[in-house]
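Have a look at data.cif below; it lists mmCIF, C-alpha atoms.
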data_my_file
loop_
_atom_site.label_atom_id
_atom_site.label_comp_id
_atom_site.auth_asym_id
_atom_site.auth_seq_id
_atom_site.Cartn_x
_atom_site.Cartn_y
_atom_site.Cartn_z
CA MET A 15 -13.53 5.71 29.31
CA LEU A 16 -13.29 3.05 26.59
CA GLU A 17 -14.97 5.40 24.13
CA THR A 18 -12.47 8.17 24.93
CA ILE A 19 -9.54 5.83 24.22
CA CYS A 20 -11.29 4.70 21.03
CA TYR A 21 -11.63 8.28 19.77
CA TRP A 22 -8.01 9.11 20.69
CA LEU A 23 -6.73 6.08 18.76
CA VAL A 24 -8.88 6.94 15.73
CA GLY A 25 -7.70 10.57 15.83
CA ILE A 26 -4.01 9.64 16.02
CA GLY A 27 -4.51 7.14 13.19
CA LEU A 28 -6.14 9.82 11.04
CA ALA A 29 -3.19 12.16 11.67
CA PHE A 30 -0.76 9.39 10.59
CA ASP A 31 -2.81 8.78 7.41
CA PHE A 32 -2.79 12.49 6.58
CA PHE A 33 0.98 12.93 7.04
CA GLY A 34 1.69 9.74 5.11
CA CYS A 35 -0.25 11.07 2.11
CA LEU A 36 1.53 14.43 2.51
CA GLY A 37 4.79 12.49 2.15
CA LEU A 38 3.38 10.86 -0.99
CA VAL A 39 2.93 14.32 -2.52
CA ARG A 40 6.04 16.09 -1.23
CA LEU A 41 8.97 13.63 -1.38
CA PRO A 42 11.29 13.53 -4.42
CA ASP A 43 11.38 9.94 -5.79
CA VAL A 44 9.48 6.65 -5.81
CA TYR A 45 11.48 4.98 -3.04
CA ASN A 46 11.14 7.89 -0.59
CA ARG A 47 7.44 8.18 -1.36
CA ALA A 48 6.86 4.44 -0.95
CA GLN A 49 8.60 4.22 2.42
CA ALA A 50 6.96 7.34 3.88
CA ALA A 51 3.48 6.58 2.63
CA THR A 52 3.52 2.85 3.36
CA LYS A 53 4.80 3.06 6.93
CA CYS A 54 2.59 5.97 7.96
CA VAL A 55 -0.60 4.79 6.27
CA THR A 56 -0.21 1.16 7.38
CA LEU A 57 0.30 2.07 11.03
CA GLY A 58 -2.33 4.83 10.87
CA THR A 59 -4.98 2.53 9.44
CA CYS A 60 -4.04 -0.16 11.98
CA MET A 61 -4.50 2.39 14.75
CA ILE A 62 -7.94 3.35 13.37
CA LEU A 63 -8.84 -0.34 13.28
CA PHE A 64 -7.67 -0.88 16.89
CA GLY A 65 -9.72 2.14 17.93
CA VAL A 66 -12.81 0.82 16.16
CA ALA A 67 -12.22 -2.61 17.76
CA LEU A 68 -12.08 -1.04 21.24
CA GLY A 69 -15.25 0.94 20.54
CA ALA A 70 -16.98 -2.18 19.22
CA PHE A 71 -15.97 -4.28 22.26
CA GLY A 72 -17.20 -1.45 24.47
CA GLY A 73 -20.67 -1.04 23.03
CA VAL A 74 -21.57 -2.20 19.50
CA SER A 75 -20.88 -5.89 18.98
CA VAL A 76 -18.08 -8.39 19.62
CA ALA A 77 -18.21 -9.60 15.99
CA MET A 78 -17.31 -6.15 14.69
CA GLY A 79 -14.36 -5.90 17.10
CA VAL A 80 -13.01 -9.31 16.08
CA LYS A 81 -13.34 -8.41 12.39
CA ALA A 82 -11.51 -5.11 13.00
CA LEU A 83 -8.64 -6.92 14.76
CA LEU A 84 -8.50 -9.47 11.92
CA CYS A 85 -8.34 -6.68 9.35
CA ALA A 86 -5.58 -4.87 11.31
CA MET A 87 -3.55 -8.09 11.45
CA PHE A 88 -4.01 -8.62 7.74
CA ILE A 89 -2.98 -5.09 6.76
CA LEU A 90 0.03 -5.25 9.09
CA LEU A 91 1.17 -8.44 7.33
CA THR A 92 0.44 -7.59 3.69
CA SER A 93 1.11 -3.88 3.23
CA PRO A 94 4.93 -4.02 3.76
CA VAL A 95 5.13 -7.05 1.44
CA GLY A 96 3.30 -5.14 -1.29
CA ALA A 97 5.47 -2.03 -0.88
CA HIS A 98 8.67 -4.12 -0.97
CA ALA A 99 7.51 -5.83 -4.17
CA ILE A 100 6.69 -2.48 -5.80
CA CYS A 101 10.07 -0.97 -4.88
CA ARG A 102 11.92 -4.02 -6.19
CA GLY A 103 9.90 -3.85 -9.41
CA ALA A 104 10.58 -0.13 -9.70
CA TYR A 105 14.34 -0.63 -9.32
CA LEU A 106 14.47 -3.52 -11.78
CA SER A 107 12.35 -1.59 -14.31
CA GLY A 108 14.98 1.16 -14.21
CA VAL A 109 13.48 4.06 -12.24
CA PRO A 110 16.48 6.21 -11.16
CA LEU A 111 17.21 7.16 -7.55
CA TRP A 112 16.97 10.78 -6.43
CA GLU A 113 20.33 12.51 -7.03
CA GLY A 114 20.63 13.31 -3.29
CA SER A 115 20.48 9.63 -2.30
CA ALA A 116 23.46 8.59 -0.17
CA GLU A 117 23.71 4.85 -0.76
CA ASP A 118 22.51 2.26 -3.27
CA ALA A 119 22.72 -1.13 -1.54
CA PHE A 120 20.68 -3.04 -4.13
CA LYS A 121 22.87 -2.05 -7.12
CA GLU A 122 25.15 -5.11 -7.43
CA ARG A 123 22.39 -7.59 -6.79
CA ALA A 124 20.13 -5.88 -9.34
CA GLU A 125 22.90 -6.08 -11.95
CA ARG A 126 23.30 -9.82 -11.23
CA ILE A 127 19.53 -10.34 -11.56
CA ARG A 128 19.52 -8.47 -14.89
CA GLU A 129 22.43 -10.57 -16.21
CA GLU A 130 20.62 -13.79 -15.24
CA GLU A 131 17.50 -12.57 -17.03
CA ILE A 132 19.48 -11.77 -20.15
CA GLU A 133 21.06 -15.26 -20.06
CA GLU A 134 17.63 -16.87 -19.71
CA LEU A 135 16.27 -14.80 -22.57
CA GLY A 136 19.29 -15.83 -24.69
CA GLU A 137 18.63 -19.51 -23.99
CA GLU A 138 14.97 -19.14 -24.83
CA SER A 139 15.68 -17.42 -28.14
CA GLY A 140 18.31 -20.09 -28.90
CA VAL A 141 15.74 -22.85 -28.33
CA GLN A 142 13.31 -21.05 -30.60
CA ARG A 143 15.97 -20.77 -33.29
CA GLU A 144 16.67 -24.53 -33.08
CA LYS A 145 12.97 -25.27 -33.39
CA ALA A 146 12.71 -22.99 -36.41
CA GLN A 147 15.69 -24.74 -38.04
CA ALA A 148 14.29 -28.21 -37.30
CA SER A 149 10.96 -27.34 -38.88
CA MET B 20 -23.02 12.26 12.86
CA SER B 21 -20.72 13.52 15.56
CA PRO B 22 -18.33 16.38 14.71
CA PHE B 23 -15.37 14.08 15.39
CA LEU B 24 -16.44 11.72 12.62
CA GLN B 25 -17.13 14.65 10.29
CA ILE B 26 -13.54 15.85 10.77
CA GLY B 27 -12.32 12.28 10.33
CA PHE B 28 -14.11 11.87 6.99
CA GLY B 29 -12.75 15.27 5.93
CA VAL B 30 -9.14 14.30 6.76
CA LEU B 31 -9.45 11.00 4.89
CA THR B 32 -10.96 12.77 1.88
CA VAL B 33 -8.04 15.23 1.75
CA ALA B 34 -5.57 12.32 2.05
CA ALA B 35 -7.34 10.47 -0.78
CA ALA B 36 -7.23 13.65 -2.89
CA MET B 37 -3.44 13.79 -2.39
CA CYS B 38 -3.20 10.14 -3.52
CA LEU B 39 -5.28 11.00 -6.61
CA TYR B 40 -2.93 13.92 -7.32
CA ARG B 41 0.03 11.51 -7.26
CA ILE B 42 -1.84 9.04 -9.52
CA ALA B 43 -2.60 11.80 -12.04
CA ARG B 44 0.81 13.48 -11.86
CA GLY B 45 3.25 10.65 -11.03
CA PRO B 46 6.18 10.65 -13.44
CA SER B 47 6.54 6.85 -13.61
CA ALA B 48 4.36 3.75 -13.32
CA PRO B 49 5.69 2.68 -9.86
CA ASP B 50 4.62 6.08 -8.46
CA ARG B 51 1.08 5.41 -9.57
CA THR B 52 1.17 1.84 -8.23
CA VAL B 53 2.32 3.04 -4.79
CA ALA B 54 -0.43 5.66 -4.77
CA ILE B 55 -3.09 3.06 -5.74
CA ASP B 56 -1.87 0.77 -2.93
CA ILE B 57 -2.09 3.62 -0.41
CA LEU B 58 -5.53 4.57 -1.70
CA GLY B 59 -6.70 1.00 -1.04
CA THR B 60 -5.47 1.18 2.55
CA LEU B 61 -7.22 4.54 2.98
CA VAL B 62 -10.50 3.00 1.79
CA VAL B 63 -10.14 0.36 4.54
CA GLY B 64 -9.87 3.21 7.07
CA PHE B 65 -12.91 4.85 5.47
CA CYS B 66 -14.92 1.63 5.91
CA CYS B 67 -13.90 1.55 9.60
CA LEU B 68 -15.19 5.07 10.15
CA MET B 69 -18.44 4.13 8.37
CA ALA B 70 -18.77 1.13 10.71
CA LEU B 71 -18.18 3.40 13.72
CA TRP B 72 -20.79 5.87 12.45
CA THR B 73 -23.59 3.50 11.38
CA ARG B 74 -22.84 0.82 14.04
CA GLN B 75 -23.32 -1.88 11.39
CA ASP B 76 -20.67 -4.59 11.30
CA TYR B 77 -20.95 -5.49 7.60
CA TYR B 78 -18.71 -2.54 6.76
CA MET B 79 -15.89 -4.52 8.37
CA ASN B 80 -16.54 -7.34 5.86
CA ILE B 81 -16.12 -4.79 3.07
CA ALA B 82 -12.86 -3.59 4.65
CA ILE B 83 -11.41 -7.12 4.88
CA ALA B 84 -12.38 -7.95 1.28
CA TRP B 85 -10.97 -4.63 0.07
CA ALA B 86 -7.64 -5.24 1.83
CA LEU B 87 -7.39 -8.72 0.25
CA ILE B 88 -8.12 -7.54 -3.29
CA SER B 89 -5.82 -4.53 -2.91
CA PHE B 90 -2.94 -6.80 -1.84
CA VAL B 91 -3.38 -9.16 -4.81
CA CYS B 92 -3.62 -6.18 -7.19
CA THR B 93 -0.41 -4.69 -5.78
CA LEU B 94 1.54 -7.93 -6.16
CA ALA B 95 0.32 -8.38 -9.74
CA MET B 96 1.36 -4.82 -10.61
CA ALA B 97 4.78 -5.35 -8.97
CA LYS B 98 5.38 -8.50 -11.04
CA PHE B 99 4.34 -6.60 -14.15
CA LEU B 100 6.81 -3.81 -13.32
CA GLU B 101 9.62 -6.32 -12.83
CA GLY B 102 8.99 -7.47 -16.38
CA ARG B 103 8.37 -11.10 -15.49
CA SER B 104 5.53 -13.37 -16.53
CA TYR B 105 2.79 -14.05 -13.98
CA ASP B 106 3.55 -17.78 -13.55
CA ALA B 107 7.27 -17.51 -12.74
#
As structure tokens, the full file:
Amino acid sequence: MLETICYWLVGIGLAFDFFGCLGLVRLPDVYNRAQAATKCVTLGTCMILFGVALGAFGGVSVAMGVKALLCAMFILLTSPVGAHAICRGAYLSGVPLWEGSAEDAFKERAERIREEEIEELGEESGVQREKAQAS
Amino acid sequence: MSPFLQIGFGVLTVAAAMCLYRIARGPSAPDRTVAIDILGTLVVGFCCLMALWTRQDYYMNIAIAWALISFVCTLAMAKFLEGRSYDA
């Protein structure tokens, strides 16, 4: 019984992984690809890990099950953080949205961040100029 | 090896091949970074299937270490894309 549930969970997780990577190939721009691939592959791999944990608790060893649960927890926490950081970096480095995109909620904030960066850069270059004049 | 695990390894290999296609073809650097991140998560799944097949639990150690290193690598690449220095 436990083994059957284990194999079902692993199979569903594999299907999620496959369709997530299909989204990575088929979708039109970075942001679409990142959201499709990250959500599907994170949850798919977590499901595989839960399946392996059930199988391990059922027959192999408790240590393996605990490690699988730990790994699932870790991926569930870190993978969205990584994807969010990449998308933010992609937007700030100037990758355009797909022309069919309906809304751009990050636009104003990104412009403010860019202006702040330009101000900081201006101050830094001013300090360097003063140093050069002093020497 | 049971036929179920054979199919599982096949599916993961096809998914990894699609990630490699996006890494080779991706028009911009963030595309490649996303694909590398996803490839890291797929390798964790691969390690799980290996653990299920061989019934050895050290494959889970590899999976945990791989997830850690993949996360740090992704964050470093994201900071690089944002155009900021690594200490800010």
Using only C-alpha atoms, determine which residues lie at most 12 Å from Cys54 of chain A, disregarding the query and same-chain residues fewer than 2 positions distant; provide the list as a PyMOL selection string. (chain A and resi 26-38+47-52+56-61+90+93-94) or (chain B and resi 34+57+60-61)
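Residues with any atom within 12 Å of the point (4.2, 18.8, -10.9), counting all atoms listed in the file, are Val39, Arg40, Leu41 and Pro42 of chain A; Tyr40, Arg41, Ile42, Ala43, Arg44, Gly45 and Pro46 of chain B.
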Write a file of the just-selected residues containing C-alpha atoms, as an mmCIF file, in the coordinates of the input.
data_model
loop_
_atom_site.group_PDB
_atom_site.id
_atom_site.type_symbol
_atom_site.label_atom_id
_atom_site.label_comp_id
_atom_site.auth_asym_id
_atom_site.auth_seq_id
_atom_site.Cartn_x
_atom_site.Cartn_y
_atom_site.Cartn_z
ATOM 1 C CA VAL A 39 2.930 14.320 -2.520
ATOM 2 C CA ARG A 40 6.040 16.090 -1.230
ATOM 3 C CA LEU A 41 8.970 13.630 -1.380
ATOM 4 C CA PRO A 42 11.290 13.530 -4.420
ATOM 5 C CA TYR B 40 -2.930 13.920 -7.320
ATOM 6 C CA ARG B 41 0.030 11.510 -7.260
ATOM 7 C CA ILE B 42 -1.840 9.040 -9.520
ATOM 8 C CA ALA B 43 -2.600 11.800 -12.040
ATOM 9 C CA ARG B 44 0.810 13.480 -11.860
ATOM 10 C CA GLY B 45 3.250 10.650 -11.030
ATOM 11 C CA PRO B 46 6.180 10.650 -13.440
#
Residues returned when the PyMOL selection byres ((chain B) within 9 of (chain A)) runs on this file, as a PyMOL selection string: chain B and resi 23+27+30-31+33-38+40-41+47-50+52-54+56-57+60-61+63-64+67-68+70-71+74-80+82-83+86-87+90-91+93-94+96-102
Could you please take those selected residues and save C-alpha atoms as an mmCIF file, keeping the file's coordinate frame?
data_model
loop_
_atom_site.group_PDB
_atom_site.id
_atom_site.type_symbol
_atom_site.label_atom_id
_atom_site.label_comp_id
_atom_site.auth_asym_id
_atom_site.auth_seq_id
_atom_site.Cartn_x
_atom_site.Cartn_y
_atom_site.Cartn_z
ATOM 1 C CA PHE B 23 -15.370 14.080 15.390
ATOM 2 C CA GLY B 27 -12.320 12.280 10.330
ATOM 3 C CA VAL B 30 -9.140 14.300 6.760
ATOM 4 C CA LEU B 31 -9.450 11.000 4.890
ATOM 5 C CA VAL B 33 -8.040 15.230 1.750
ATOM 6 C CA ALA B 34 -5.570 12.320 2.050
ATOM 7 C CA ALA B 35 -7.340 10.470 -0.780
ATOM 8 C CA ALA B 36 -7.230 13.650 -2.890
ATOM 9 C CA MET B 37 -3.440 13.790 -2.390
ATOM 10 C CA CYS B 38 -3.200 10.140 -3.520
ATOM 11 C CA TYR B 40 -2.930 13.920 -7.320
ATOM 12 C CA ARG B 41 0.030 11.510 -7.260
ATOM 13 C CA SER B 47 6.540 6.850 -13.610
ATOM 14 C CA ALA B 48 4.360 3.750 -13.320
ATOM 15 C CA PRO B 49 5.690 2.680 -9.860
ATOM 16 C CA ASP B 50 4.620 6.080 -8.460
ATOM 17 C CA THR B 52 1.170 1.840 -8.230
ATOM 18 C CA VAL B 53 2.320 3.040 -4.790
ATOM 19 C CA ALA B 54 -0.430 5.660 -4.770
ATOM 20 C CA ASP B 56 -1.870 0.770 -2.930
ATOM 21 C CA ILE B 57 -2.090 3.620 -0.410
ATOM 22 C CA THR B 60 -5.470 1.180 2.550
ATOM 23 C CA LEU B 61 -7.220 4.540 2.980
ATOM 24 C CA VAL B 63 -10.140 0.360 4.540
ATOM 25 C CA GLY B 64 -9.870 3.210 7.070
ATOM 26 C CA CYS B 67 -13.900 1.550 9.600
ATOM 27 C CA LEU B 68 -15.190 5.070 10.150
ATOM 28 C CA ALA B 70 -18.770 1.130 10.710
ATOM 29 C CA LEU B 71 -18.180 3.400 13.720
ATOM 30 C CA ARG B 74 -22.840 0.820 14.040
ATOM 31 C CA GLN B 75 -23.320 -1.880 11.390
ATOM 32 C CA ASP B 76 -20.670 -4.590 11.300
ATOM 33 C CA TYR B 77 -20.950 -5.490 7.600
ATOM 34 C CA TYR B 78 -18.710 -2.540 6.760
ATOM 35 C CA MET B 79 -15.890 -4.520 8.370
ATOM 36 C CA ASN B 80 -16.540 -7.340 5.860
ATOM 37 C CA ALA B 82 -12.860 -3.590 4.650
ATOM 38 C CA ILE B 83 -11.410 -7.120 4.880
ATOM 39 C CA ALA B 86 -7.640 -5.240 1.830
ATOM 40 C CA LEU B 87 -7.390 -8.720 0.250
ATOM 41 C CA PHE B 90 -2.940 -6.800 -1.840
ATOM 42 C CA VAL B 91 -3.380 -9.160 -4.810
ATOM 43 C CA THR B 93 -0.410 -4.690 -5.780
ATOM 44 C CA LEU B 94 1.540 -7.930 -6.160
ATOM 45 C CA MET B 96 1.360 -4.820 -10.610
ATOM 46 C CA ALA B 97 4.780 -5.350 -8.970
ATOM 47 C CA LYS B 98 5.380 -8.500 -11.040
ATOM 48 C CA PHE B 99 4.340 -6.600 -14.150
ATOM 49 C CA LEU B 100 6.810 -3.810 -13.320
ATOM 50 C CA GLU B 101 9.620 -6.320 -12.830
ATOM 51 C CA GLY B 102 8.990 -7.470 -16.380
#
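Interatomic distance, atom CA of Leu16 of chain A to atom CA of Leu68 of chain A: 6.8 Å.
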All heavy atoms are needed for segment 104-115 of chain A; please write them out as a PDB file, in the coordinates of the input.
ATOM      1  N   ALA A 104      10.203  -1.452  -9.197  1.00  0.00           N
ATOM      2  CA  ALA A 104      10.580  -0.130  -9.700  1.00  0.00           C
ATOM      3  C   ALA A 104      12.064  -0.085 -10.000  1.00  0.00           C
ATOM      4  O   ALA A 104      12.488   0.416 -11.047  1.00  0.00           O
ATOM      5  CB  ALA A 104      10.225   0.935  -8.664  1.00  0.00           C
ATOM      6  N   TYR A 105      12.891  -0.660  -9.083  1.00  0.00           N
ATOM      7  CA  TYR A 105      14.340  -0.630  -9.320  1.00  0.00           C
ATOM      8  C   TYR A 105      14.698  -1.452 -10.546  1.00  0.00           C
ATOM      9  O   TYR A 105      15.470  -1.015 -11.399  1.00  0.00           O
ATOM     10  CB  TYR A 105      15.083  -1.179  -8.091  1.00  0.00           C
ATOM     11  CG  TYR A 105      16.540  -0.799  -8.085  1.00  0.00           C
ATOM     12  CD1 TYR A 105      16.995   0.231  -7.290  1.00  0.00           C
ATOM     13  CD2 TYR A 105      17.446  -1.446  -8.900  1.00  0.00           C
ATOM     14  CE1 TYR A 105      18.312   0.601  -7.305  1.00  0.00           C
ATOM     15  CE2 TYR A 105      18.768  -1.085  -8.922  1.00  0.00           C
ATOM     16  CZ  TYR A 105      19.192  -0.049  -8.115  1.00  0.00           C
ATOM     17  OH  TYR A 105      20.495   0.324  -8.136  1.00  0.00           O
ATOM     18  N   LEU A 106      14.106  -2.653 -10.655  1.00  0.00           N
ATOM     19  CA  LEU A 106      14.470  -3.520 -11.780  1.00  0.00           C
ATOM     20  C   LEU A 106      13.920  -2.984 -13.101  1.00  0.00           C
ATOM     21  O   LEU A 106      14.453  -3.298 -14.162  1.00  0.00           O
ATOM     22  CB  LEU A 106      13.955  -4.938 -11.536  1.00  0.00           C
ATOM     23  CG  LEU A 106      14.704  -5.668 -10.432  1.00  0.00           C
ATOM     24  CD1 LEU A 106      14.126  -7.041 -10.232  1.00  0.00           C
ATOM     25  CD2 LEU A 106      16.171  -5.768 -10.769  1.00  0.00           C
ATOM     26  N   SER A 107      12.846  -2.168 -13.065  1.00  0.00           N
ATOM     27  CA  SER A 107      12.350  -1.590 -14.310  1.00  0.00           C
ATOM     28  C   SER A 107      13.094  -0.310 -14.649  1.00  0.00           C
ATOM     29  O   SER A 107      12.798   0.330 -15.648  1.00  0.00           O
ATOM     30  CB  SER A 107      10.851  -1.330 -14.226  1.00  0.00           C
ATOM     31  OG  SER A 107      10.593  -0.247 -13.371  1.00  0.00           O
ATOM     32  N   GLY A 108      14.080   0.100 -13.804  1.00  0.00           N
ATOM     33  CA  GLY A 108      14.980   1.160 -14.210  1.00  0.00           C
ATOM     34  C   GLY A 108      14.589   2.561 -13.798  1.00  0.00           C
ATOM     35  O   GLY A 108      15.038   3.520 -14.416  1.00  0.00           O
ATOM     36  N   VAL A 109      13.772   2.713 -12.728  1.00  0.00           N
ATOM     37  CA  VAL A 109      13.480   4.060 -12.240  1.00  0.00           C
ATOM     38  C   VAL A 109      14.699   4.571 -11.472  1.00  0.00           C
ATOM     39  O   VAL A 109      15.192   3.879 -10.576  1.00  0.00           O
ATOM     40  CB  VAL A 109      12.251   4.048 -11.312  1.00  0.00           C
ATOM     41  CG1 VAL A 109      11.982   5.433 -10.769  1.00  0.00           C
ATOM     42  CG2 VAL A 109      11.052   3.543 -12.059  1.00  0.00           C
ATOM     43  N   PRO A 110      15.266   5.744 -11.826  1.00  0.00           N
ATOM     44  CA  PRO A 110      16.480   6.210 -11.160  1.00  0.00           C
ATOM     45  C   PRO A 110      16.229   6.687  -9.743  1.00  0.00           C
ATOM     46  O   PRO A 110      15.118   7.102  -9.399  1.00  0.00           O
ATOM     47  CB  PRO A 110      16.926   7.380 -12.046  1.00  0.00           C
ATOM     48  CG  PRO A 110      15.677   7.874 -12.667  1.00  0.00           C
ATOM     49  CD  PRO A 110      14.792   6.687 -12.851  1.00  0.00           C
ATOM     50  N   LEU A 111      17.298   6.605  -8.900  1.00  0.00           N
ATOM     51  CA  LEU A 111      17.210   7.160  -7.550  1.00  0.00           C
ATOM     52  C   LEU A 111      17.304   8.679  -7.621  1.00  0.00           C
ATOM     53  O   LEU A 111      17.797   9.231  -8.605  1.00  0.00           O
ATOM     54  CB  LEU A 111      18.342   6.620  -6.684  1.00  0.00           C
ATOM     55  CG  LEU A 111      18.068   5.386  -5.832  1.00  0.00           C
ATOM     56  CD1 LEU A 111      17.939   4.185  -6.723  1.00  0.00           C
ATOM     57  CD2 LEU A 111      19.172   5.169  -4.835  1.00  0.00           C
ATOM     58  N   TRP A 112      16.831   9.329  -6.556  1.00  0.00           N
ATOM     59  CA  TRP A 112      16.970  10.780  -6.430  1.00  0.00           C
ATOM     60  C   TRP A 112      18.462  11.102  -6.365  1.00  0.00           C
ATOM     61  O   TRP A 112      19.255  10.351  -5.785  1.00  0.00           O
ATOM     62  CB  TRP A 112      16.249  11.214  -5.166  1.00  0.00           C
ATOM     63  CG  TRP A 112      16.302  12.669  -4.867  1.00  0.00           C
ATOM     64  CD1 TRP A 112      16.109  13.703  -5.747  1.00  0.00           C
ATOM     65  CD2 TRP A 112      16.543  13.266  -3.593  1.00  0.00           C
ATOM     66  NE1 TRP A 112      16.206  14.885  -5.099  1.00  0.00           N
ATOM     67  CE2 TRP A 112      16.481  14.657  -3.787  1.00  0.00           C
ATOM     68  CE3 TRP A 112      16.798  12.766  -2.324  1.00  0.00           C
ATOM     69  CZ2 TRP A 112      16.667  15.547  -2.738  1.00  0.00           C
ATOM     70  CZ3 TRP A 112      16.986  13.641  -1.289  1.00  0.00           C
ATOM     71  CH2 TRP A 112      16.916  15.023  -1.503  1.00  0.00           C
ATOM     72  N   GLU A 113      18.880  12.238  -6.970  1.00  0.00           N
ATOM     73  CA  GLU A 113      20.330  12.510  -7.030  1.00  0.00           C
ATOM     74  C   GLU A 113      20.928  12.780  -5.656  1.00  0.00           C
ATOM     75  O   GLU A 113      22.139  12.687  -5.481  1.00  0.00           O
ATOM     76  CB  GLU A 113      20.626  13.679  -7.985  1.00  0.00           C
ATOM     77  CG  GLU A 113      20.046  15.015  -7.588  1.00  0.00           C
ATOM     78  CD  GLU A 113      18.704  15.269  -8.267  1.00  0.00           C
ATOM     79  OE1 GLU A 113      18.097  14.305  -8.766  1.00  0.00           O
ATOM     80  OE2 GLU A 113      18.260  16.417  -8.291  1.00  0.00           O
ATOM     81  N   GLY A 114      20.112  13.094  -4.645  1.00  0.00           N
ATOM     82  CA  GLY A 114      20.630  13.310  -3.290  1.00  0.00           C
ATOM     83  C   GLY A 114      20.740  12.036  -2.475  1.00  0.00           C
ATOM     84  O   GLY A 114      21.104  12.097  -1.302  1.00  0.00           O
ATOM     85  N   SER A 115      20.433  10.868  -3.071  1.00  0.00           N
ATOM     86  CA  SER A 115      20.480   9.630  -2.300  1.00  0.00           C
ATOM     87  C   SER A 115      21.919   9.300  -1.911  1.00  0.00           C
ATOM     88  O   SER A 115      22.844   9.483  -2.696  1.00  0.00           O
ATOM     89  CB  SER A 115      19.913   8.476  -3.130  1.00  0.00           C
ATOM     90  OG  SER A 115      18.590   8.754  -3.480  1.00  0.00           O
TER      91      SER A 115
END
